[in-house]
file model27.txt (compact mmCIF, C-alpha atoms and all ligand atoms)
# COMPACT_ATOMS: atom_id res chain seq x y z
CA MET A 1 -12.79 18.23 15.88
CA THR A 2 -13.17 14.49 15.52
CA GLN A 3 -10.97 12.87 12.91
CA PRO A 4 -11.93 9.43 11.58
CA LEU A 5 -9.56 6.80 12.98
CA SER A 6 -10.34 4.49 10.06
CA SER A 7 -7.96 6.41 7.83
CA ALA A 8 -4.22 6.98 7.93
CA LEU A 9 -1.62 9.23 6.36
CA VAL A 10 1.74 7.45 6.09
CA LEU A 11 4.99 9.40 6.08
CA PHE A 12 6.44 7.59 3.11
CA SER A 13 10.03 8.23 1.99
CA GLY A 14 10.57 5.21 -0.24
CA GLY A 15 12.84 3.45 2.26
CA GLN A 16 12.49 0.06 3.95
CA ASP A 17 10.98 1.38 7.16
CA SER A 18 8.31 3.58 5.62
CA ALA A 19 7.40 0.89 3.06
CA THR A 20 6.87 -1.54 5.95
CA CYS A 21 4.80 1.10 7.74
CA LEU A 22 2.72 1.54 4.60
CA ALA A 23 1.95 -2.19 4.48
CA TRP A 24 1.14 -2.10 8.21
CA ALA A 25 -1.31 0.75 7.61
CA LEU A 26 -2.89 -0.93 4.58
CA ALA A 27 -3.55 -4.00 6.70
CA ARG A 28 -5.39 -1.90 9.32
CA PHE A 29 -7.06 1.17 7.86
CA GLU A 30 -9.88 1.47 5.36
CA ARG A 31 -8.25 4.40 3.61
CA VAL A 32 -4.55 5.14 3.43
CA GLU A 33 -2.84 8.11 1.83
CA THR A 34 0.88 8.82 1.63
CA ILE A 35 2.95 11.95 2.10
CA GLY A 36 6.55 12.48 0.99
CA PHE A 37 8.92 15.38 1.45
CA ASP A 38 11.51 16.95 -0.75
CA TYR A 39 13.78 18.45 1.90
CA GLY A 40 16.69 19.04 -0.43
CA GLN A 41 18.19 15.61 0.17
CA ARG A 42 21.49 15.04 -1.67
CA HIS A 43 20.29 11.92 -3.36
CA ALA A 44 17.00 12.00 -5.22
CA ILE A 45 17.11 8.22 -5.54
CA GLU A 46 14.85 7.65 -2.51
CA LEU A 47 12.20 9.96 -3.95
CA ALA A 48 12.53 8.21 -7.31
CA CYS A 49 11.78 4.90 -5.57
CA ARG A 50 8.51 6.17 -4.08
CA PRO A 51 6.21 5.77 -7.11
CA LYS A 52 7.75 2.38 -7.88
CA VAL A 53 7.07 1.13 -4.36
CA LEU A 54 3.51 2.50 -4.48
CA ALA A 55 2.87 0.78 -7.82
CA ALA A 56 4.43 -2.46 -6.59
CA ILE A 57 2.45 -2.51 -3.34
CA ARG A 58 -0.79 -2.12 -5.31
CA GLN A 59 0.18 -5.22 -7.27
CA LEU A 60 0.62 -7.28 -4.11
CA SER A 61 -2.99 -7.21 -2.92
CA PRO A 62 -6.31 -6.08 -4.41
CA VAL A 63 -7.46 -5.11 -0.90
CA TRP A 64 -4.40 -2.90 -0.43
CA ALA A 65 -4.84 -1.46 -3.93
CA ALA A 66 -8.42 -0.48 -3.08
CA ARG A 67 -7.39 1.15 0.20
CA LEU A 68 -4.38 3.07 -1.09
CA GLY A 69 -5.37 6.57 -2.10
CA GLU A 70 -3.59 9.76 -3.01
CA ASP A 71 0.11 10.43 -2.68
CA HIS A 72 1.13 13.94 -1.63
CA MET A 73 4.59 15.35 -2.34
CA ILE A 74 5.45 18.35 -0.19
CA ASP A 75 8.23 20.89 -0.67
CA ALA A 76 10.23 21.05 2.58
CA THR A 77 13.44 22.34 1.01
CA VAL A 78 13.50 25.17 3.54
CA LEU A 79 15.24 22.63 5.82
CA LYS A 80 18.30 22.63 3.59
CA SER A 81 18.64 26.39 3.92
CA LEU A 82 19.03 26.17 7.70
CA GLY A 83 22.49 24.62 7.67
CA ALA A 84 24.63 21.77 6.39
CA THR A 85 24.03 18.11 7.22
CA ALA A 86 25.37 14.95 5.56
CA MET A 87 21.86 14.33 4.20
CA THR A 88 21.54 17.66 2.42
CA HIS A 89 25.09 18.76 1.62
CA GLU A 90 28.27 17.25 0.20
CA VAL A 91 29.94 16.53 3.53
CA GLU A 92 31.33 13.30 4.99
CA ILE A 93 29.23 11.37 7.51
CA SER A 94 30.72 12.04 10.96
CA MET A 95 29.80 12.68 14.56
CA THR A 96 29.06 16.23 15.65
CA ALA A 97 30.25 17.90 18.83
CA ALA A 98 26.76 17.31 20.22
CA GLY A 99 27.32 13.53 19.97
CA LEU A 100 24.88 13.07 17.10
CA PRO A 101 25.72 11.87 13.61
CA ASN A 102 25.63 14.70 11.06
CA THR A 103 23.02 12.69 9.15
CA PHE A 104 20.60 14.14 11.71
CA VAL A 105 18.63 16.98 10.12
CA PRO A 106 17.51 19.16 13.05
CA GLY A 107 13.78 19.74 13.06
CA ARG A 108 13.10 17.43 10.12
CA ASN A 109 10.66 15.01 11.70
CA LEU A 110 9.08 17.77 13.78
CA LEU A 111 8.37 19.69 10.59
CA PHE A 112 7.23 16.56 8.75
CA PHE A 113 4.66 15.72 11.41
CA THR A 114 3.47 19.33 11.54
CA LEU A 115 2.93 19.36 7.77
CA ALA A 116 1.40 15.88 7.83
CA GLY A 117 -0.97 16.90 10.64
CA ALA A 118 -2.07 19.98 8.72
CA LEU A 119 -2.72 17.89 5.61
CA ALA A 120 -4.51 15.19 7.61
CA VAL A 121 -7.00 17.74 8.95
CA ARG A 122 -7.75 18.90 5.41
CA ARG A 123 -8.05 15.33 4.18
CA GLY A 124 -10.24 14.13 7.06
CA ILE A 125 -7.61 11.65 8.23
CA GLY A 126 -7.14 10.78 11.91
CA VAL A 127 -3.90 8.81 12.16
CA LEU A 128 -0.38 9.75 11.10
CA VAL A 129 1.99 6.80 10.66
CA GLY A 130 5.78 7.12 10.72
CA GLY A 131 8.70 4.67 10.68
CA MET A 132 10.51 6.22 13.64
CA CYS A 133 12.33 3.71 15.80
CA GLU A 134 14.34 4.05 18.99
CA THR A 135 15.60 0.47 19.16
CA ASP A 136 18.65 0.38 16.91
CA TYR A 137 18.49 3.89 15.60
CA SER A 138 21.26 6.44 15.20
CA GLY A 139 20.46 8.49 18.29
CA TYR A 140 18.10 10.90 16.57
CA PRO A 141 16.13 12.72 19.29
CA ASP A 142 13.13 13.16 16.98
CA CYS A 143 12.74 9.38 16.62
CA ARG A 144 12.05 8.85 20.32
CA ALA A 145 8.65 7.72 21.52
CA ASP A 146 8.58 10.62 23.98
CA THR A 147 9.09 13.12 21.16
CA LEU A 148 6.25 11.61 19.14
CA LYS A 149 3.96 11.54 22.17
CA ALA A 150 4.64 15.21 22.83
CA GLN A 151 4.15 16.11 19.19
CA GLU A 152 0.88 14.19 19.04
CA GLU A 153 -0.36 16.27 21.96
CA THR A 154 0.89 19.46 20.28
CA LEU A 155 -0.97 18.60 17.07
CA ARG A 156 -4.15 17.78 18.96
CA LEU A 157 -4.05 21.10 20.75
CA GLY A 158 -2.69 23.25 17.94
CA LEU A 159 -5.01 21.84 15.28
CA ASP A 160 -7.92 21.21 17.65
CA ALA A 161 -8.22 17.83 16.00
CA ASP A 162 -8.17 14.29 17.30
CA ILE A 163 -4.92 13.42 15.54
CA ARG A 164 -3.05 10.26 16.60
CA ILE A 165 0.50 9.27 15.72
CA GLY A 166 1.25 5.59 15.07
CA ALA A 167 4.84 4.34 15.03
CA PRO A 168 4.71 0.57 14.50
CA LEU A 169 8.50 0.19 14.30
CA MET A 170 9.27 2.13 17.49
CA TYR A 171 10.36 -0.88 19.55
CA LEU A 172 11.45 -3.22 16.75
CA ASP A 173 15.02 -3.84 15.66
CA LYS A 174 15.80 -4.19 11.96
CA ALA A 175 15.52 -7.98 12.03
CA ALA A 176 12.04 -7.62 13.51
CA THR A 177 11.17 -5.04 10.85
CA TRP A 178 11.95 -7.61 8.14
CA GLN A 179 9.84 -10.14 10.05
CA LEU A 180 6.97 -7.63 10.24
CA ALA A 181 7.08 -7.30 6.45
CA GLN A 182 7.00 -11.07 6.16
CA ASP A 183 4.00 -11.27 8.51
CA LEU A 184 2.13 -8.53 6.64
CA GLY A 185 2.78 -9.50 3.05
CA GLY A 186 4.78 -12.72 2.95
CA ASP A 187 7.71 -13.39 0.66
CA ALA A 188 6.26 -11.12 -2.03
CA LEU A 189 6.37 -8.04 0.22
CA VAL A 190 9.87 -8.88 1.47
CA ALA A 191 11.05 -9.28 -2.12
CA MET A 192 9.41 -6.01 -3.16
CA ILE A 193 11.05 -4.14 -0.26
CA GLY A 194 14.42 -5.64 -1.20
CA GLU A 195 14.06 -4.69 -4.83
CA GLU A 196 12.27 -1.33 -4.83
CA THR A 197 13.03 0.53 -1.60
CA HIS A 198 16.10 2.62 -0.92
CA THR A 199 17.84 3.26 2.40
CA CYS A 200 21.53 3.97 1.60
CA TYR A 201 22.75 7.38 2.81
CA LEU A 202 25.15 7.62 -0.15
CA GLY A 203 22.48 7.07 -2.79
CA GLU A 204 24.39 4.02 -4.07
CA ARG A 205 22.25 1.66 -6.14
CA GLY A 206 24.78 -0.34 -8.16
CA ALA A 207 25.11 -3.68 -6.39
CA ARG A 208 22.11 -5.83 -5.42
CA HIS A 209 22.70 -7.56 -2.10
CA ALA A 210 20.37 -10.07 -0.47
CA TRP A 211 19.00 -7.18 1.63
CA GLY A 212 18.62 -4.78 -1.29
CA TYR A 213 20.68 -2.09 -3.00
CA GLY A 214 23.24 0.15 -1.31
CA CYS A 215 26.91 0.85 -0.64
CA GLY A 216 26.92 -1.70 2.19
CA THR A 217 29.06 0.41 4.49
CA CYS A 218 27.20 3.61 5.41
CA PRO A 219 25.30 3.55 8.73
CA ALA A 220 21.93 3.03 6.99
CA CYS A 221 23.21 0.12 4.88
CA GLU A 222 24.91 -1.45 7.91
CA LEU A 223 21.66 -1.36 9.90
CA ARG A 224 19.65 -2.78 7.01
CA ALA A 225 22.21 -5.49 6.15
CA ASN A 226 22.80 -6.51 9.78
CA GLY A 227 19.07 -6.70 10.38
CA TRP A 228 18.62 -8.89 7.32
CA GLN A 229 21.44 -11.21 8.41
CA ARG A 230 20.09 -11.53 11.95
CA TRP A 231 16.62 -12.19 10.56
CA GLN A 232 17.90 -14.86 8.18
CA ALA A 233 19.97 -16.44 10.97
CA GLY A 234 16.87 -16.47 13.19
CA LYS A 235 14.97 -18.34 10.50
CA GLY A 236 17.74 -20.97 10.44
CA ASN A 237 18.92 -20.34 6.90
CA ALA A 238 21.60 -17.68 7.26
CA SER A 239 22.91 -16.32 4.01
ZN ZN S 301 24.90 2.88 2.03

call {"tool": "encode", "arguments": {"input": "model27.txt", "output": "structure tokens"}}
result
Amino acid sequence: MTQPLSSALVLFSGGQDSATCLAWALARFERVETIGFDYGQRHAIELACRPKVLAAIRQLSPVWAARLGEDHMIDATVLKSLGATAMTHEVEISMTAAGLPNTFVPGRNLLFFTLAGALAVRRGIGVLVGGMCETDYSGYPDCRADTLKAQEETLRLGLDADIRIGAPLMYLDKAATWQLAQDLGGDALVAMIGEETHTCYLGERGARHAWGYGCGTCPACELRANGWQRWQAGKGNAS
């Protein structure tokens, strides 16, 4: 089954990476829809950011507003029932015996892409877009390019559909991700991502830093803040 490659379904969590991916898709595809997952995450704050980011991104560009279609929220809470992780249960962030941080939710991205692929077939969409990155990531095996390549092939075979997976952040570090936002939408997009997206693992949204809201010390905040600082330093006006 041929799927139109002029349309994309963006895995959109409400964080910095997926918001940047959404802008990337809006710059390239005639029709863009979004999919989000309630997987029983401890902090609902990221999901609460989603509609705000979608509304804000429509304000940034009439072209993007015209291209951005439906948002789909999917119940994936079955993931939480499989076992405890620091993302879904009240446990401290730590390393597991397997050498992975316990923020890793086993099977999460595999399930997300399976559900996204199934929806894409029904929606007549050919390209799935995700913010996975193996450059300065936390060692998650389901963020590797090889995993996505294998899953793309699985979806093509299992759905008998010409589904592609796009991962524009795969080889970027966080500084380059900020630069990509700048290239796609200028200062307005960077400001919107700083103000409206949420990345912090602890769900902290009290203090506004230059790079956005967050506790500043969890692994997700450290990545985001360090990336911002390296990006600012690279522009010659470190803050
Ligand atoms: Zn944090």

call {"tool": "closest_atom_pairs", "arguments": {"input": "model27.txt", "of": "chain A", "to": "ligand ZN 301 (chain S)", "cutoff": "8 Å", "atoms": "all atoms listed in the file", "output": "JSON lines"}}
result
{"residue": "A:Thr199", "atom": "CA", "partner": "S:ZN301", "partner_atom": "ZN", "distance": 7.1}
{"residue": "A:Cys200", "atom": "CA", "partner": "S:ZN301", "partner_atom": "ZN", "distance": 3.6}
{"residue": "A:Tyr201", "atom": "CA", "partner": "S:ZN301", "partner_atom": "ZN", "distance": 5.0}
{"residue": "A:Leu202", "atom": "CA", "partner": "S:ZN301", "partner_atom": "ZN", "distance": 5.2}
{"residue": "A:Gly203", "atom": "CA", "partner": "S:ZN301", "partner_atom": "ZN", "distance": 6.8}
{"residue": "A:Glu204", "atom": "CA", "partner": "S:ZN301", "partner_atom": "ZN", "distance": 6.2}
{"residue": "A:Gly214", "atom": "CA", "partner": "S:ZN301", "partner_atom": "ZN", "distance": 4.6}
{"residue": "A:Cys215", "atom": "CA", "partner": "S:ZN301", "partner_atom": "ZN", "distance": 3.9}
{"residue": "A:Gly216", "atom": "CA", "partner": "S:ZN301", "partner_atom": "ZN", "distance": 5.0}
{"residue": "A:Thr217", "atom": "CA", "partner": "S:ZN301", "partner_atom": "ZN", "distance": 5.4}
{"residue": "A:Cys218", "atom": "CA", "partner": "S:ZN301", "partner_atom": "ZN", "distance": 4.2}
{"residue": "A:Pro219", "atom": "CA", "partner": "S:ZN301", "partner_atom": "ZN", "distance": 6.7}
{"residue": "A:Ala220", "atom": "CA", "partner": "S:ZN301", "partner_atom": "ZN", "distance": 5.8}
{"residue": "A:Cys221", "atom": "CA", "partner": "S:ZN301", "partner_atom": "ZN", "distance": 4.3}
{"residue": "A:Glu222", "atom": "CA", "partner": "S:ZN301", "partner_atom": "ZN", "distance": 7.3}

call {"tool": "residues_around", "arguments": {"input": "model27.txt", "residues": "range 60-67 of chain A", "least_positions_apart": "2", "cutoff": "10 Å", "atoms": "only C-alpha atoms", "output": "JSON, numbers by chain"}}
result
{"A": [7, 22, 23, 25, 26, 27, 28, 29, 30, 31, 32, 33, 54, 55, 56, 57, 58, 69, 70, 185, 186, 188, 189, 192]}

call {"tool": "atom_distance", "arguments": {"input": "model27.txt", "atom1": "CA of Ala210 in chain A", "atom2": "CA of Cys143 in chain A"}}
result
27.0 Å

call {"tool": "atom_distance", "arguments": {"input": "model27.txt", "atom1": "CA of Ile93 in chain A", "atom2": "CA of Gln41 in chain A"}}
result
13.9 Å

call {"tool": "atom_distance", "arguments": {"input": "model27.txt", "atom1": "CA of Leu47 in chain A", "atom2": "CA of Arg156 in chain A"}}
result
29.2 Å

call {"tool": "residues_around", "arguments": {"input": "model27.txt", "residues": "Tyr213 in chain A", "least_positions_apart": "5", "cutoff": "8 Å", "atoms": "all atoms listed in the file", "output": "mmCIF file with C-alpha atoms, in the coordinates of the input"}}
result
data_model
loop_
_atom_site.group_PDB
_atom_site.id
_atom_site.type_symbol
_atom_site.label_atom_id
_atom_site.label_comp_id
_atom_site.auth_asym_id
_atom_site.auth_seq_id
_atom_site.Cartn_x
_atom_site.Cartn_y
_atom_site.Cartn_z
ATOM 1 C CA GLY A 194 14.420 -5.640 -1.200
ATOM 2 C CA GLU A 195 14.060 -4.690 -4.830
ATOM 3 C CA HIS A 198 16.100 2.620 -0.920
ATOM 4 C CA CYS A 200 21.530 3.970 1.600
ATOM 5 C CA GLU A 204 24.390 4.020 -4.070
ATOM 6 C CA ARG A 205 22.250 1.660 -6.140
ATOM 7 C CA GLY A 206 24.780 -0.340 -8.160
ATOM 8 C CA ALA A 207 25.110 -3.680 -6.390
ATOM 9 C CA ARG A 208 22.110 -5.830 -5.420
#

call {"tool": "residues_near_point", "arguments": {"input": "model27.txt", "point": "(7.6, 6.4, 3.9)", "cutoff": "10 Å", "atoms": "only C-alpha atoms", "output": "ChimeraX atom specification"}}
result
/A:9-22,34-37,46-47,50,53,129-131,197

call {"tool": "closest_residue", "arguments": {"input": "model27.txt", "among": "A:Met170, A:Met73, A:Leu180, A:Met1", "to": "Leu155 in chain A", "atoms": "all atoms listed in the file"}}
result
A:Met1

call {"tool": "closest_atom_pairs", "arguments": {"input": "model27.txt", "of": "range 114-186 of chain A", "to": "range 74-78 of chain A", "cutoff": "12 Å", "atoms": "all atoms listed in the file", "output": "CSV"}}
result
residue,atom,partner,partner_atom,distance
A:Thr114,CA,A:Ala76,CA,11.4
A:Leu115,CA,A:Ile74,CA,8.4
A:Ala116,CA,A:Ile74,CA,9.3
A:Ala118,CA,A:Ile74,CA,11.8
A:Leu119,CA,A:Ile74,CA,10.0

call {"tool": "residues_around", "arguments": {"input": "model27.txt", "residues": "Ala161 in chain A", "least_positions_apart": "5", "cutoff": "12 Å", "atoms": "only C-alpha atoms", "output": "MDAnalysis selection string"}}
result
chainID A and resid 1:5 117:122 124:127 152:156

call {"tool": "residues_around", "arguments": {"input": "model27.txt", "residues": "Lys174 in chain A", "least_positions_apart": "6", "cutoff": "10 Å", "atoms": "only C-alpha atoms", "output": "ChimeraX atom specification"}}
result
/A:16-17,133,135-137,180,223-231
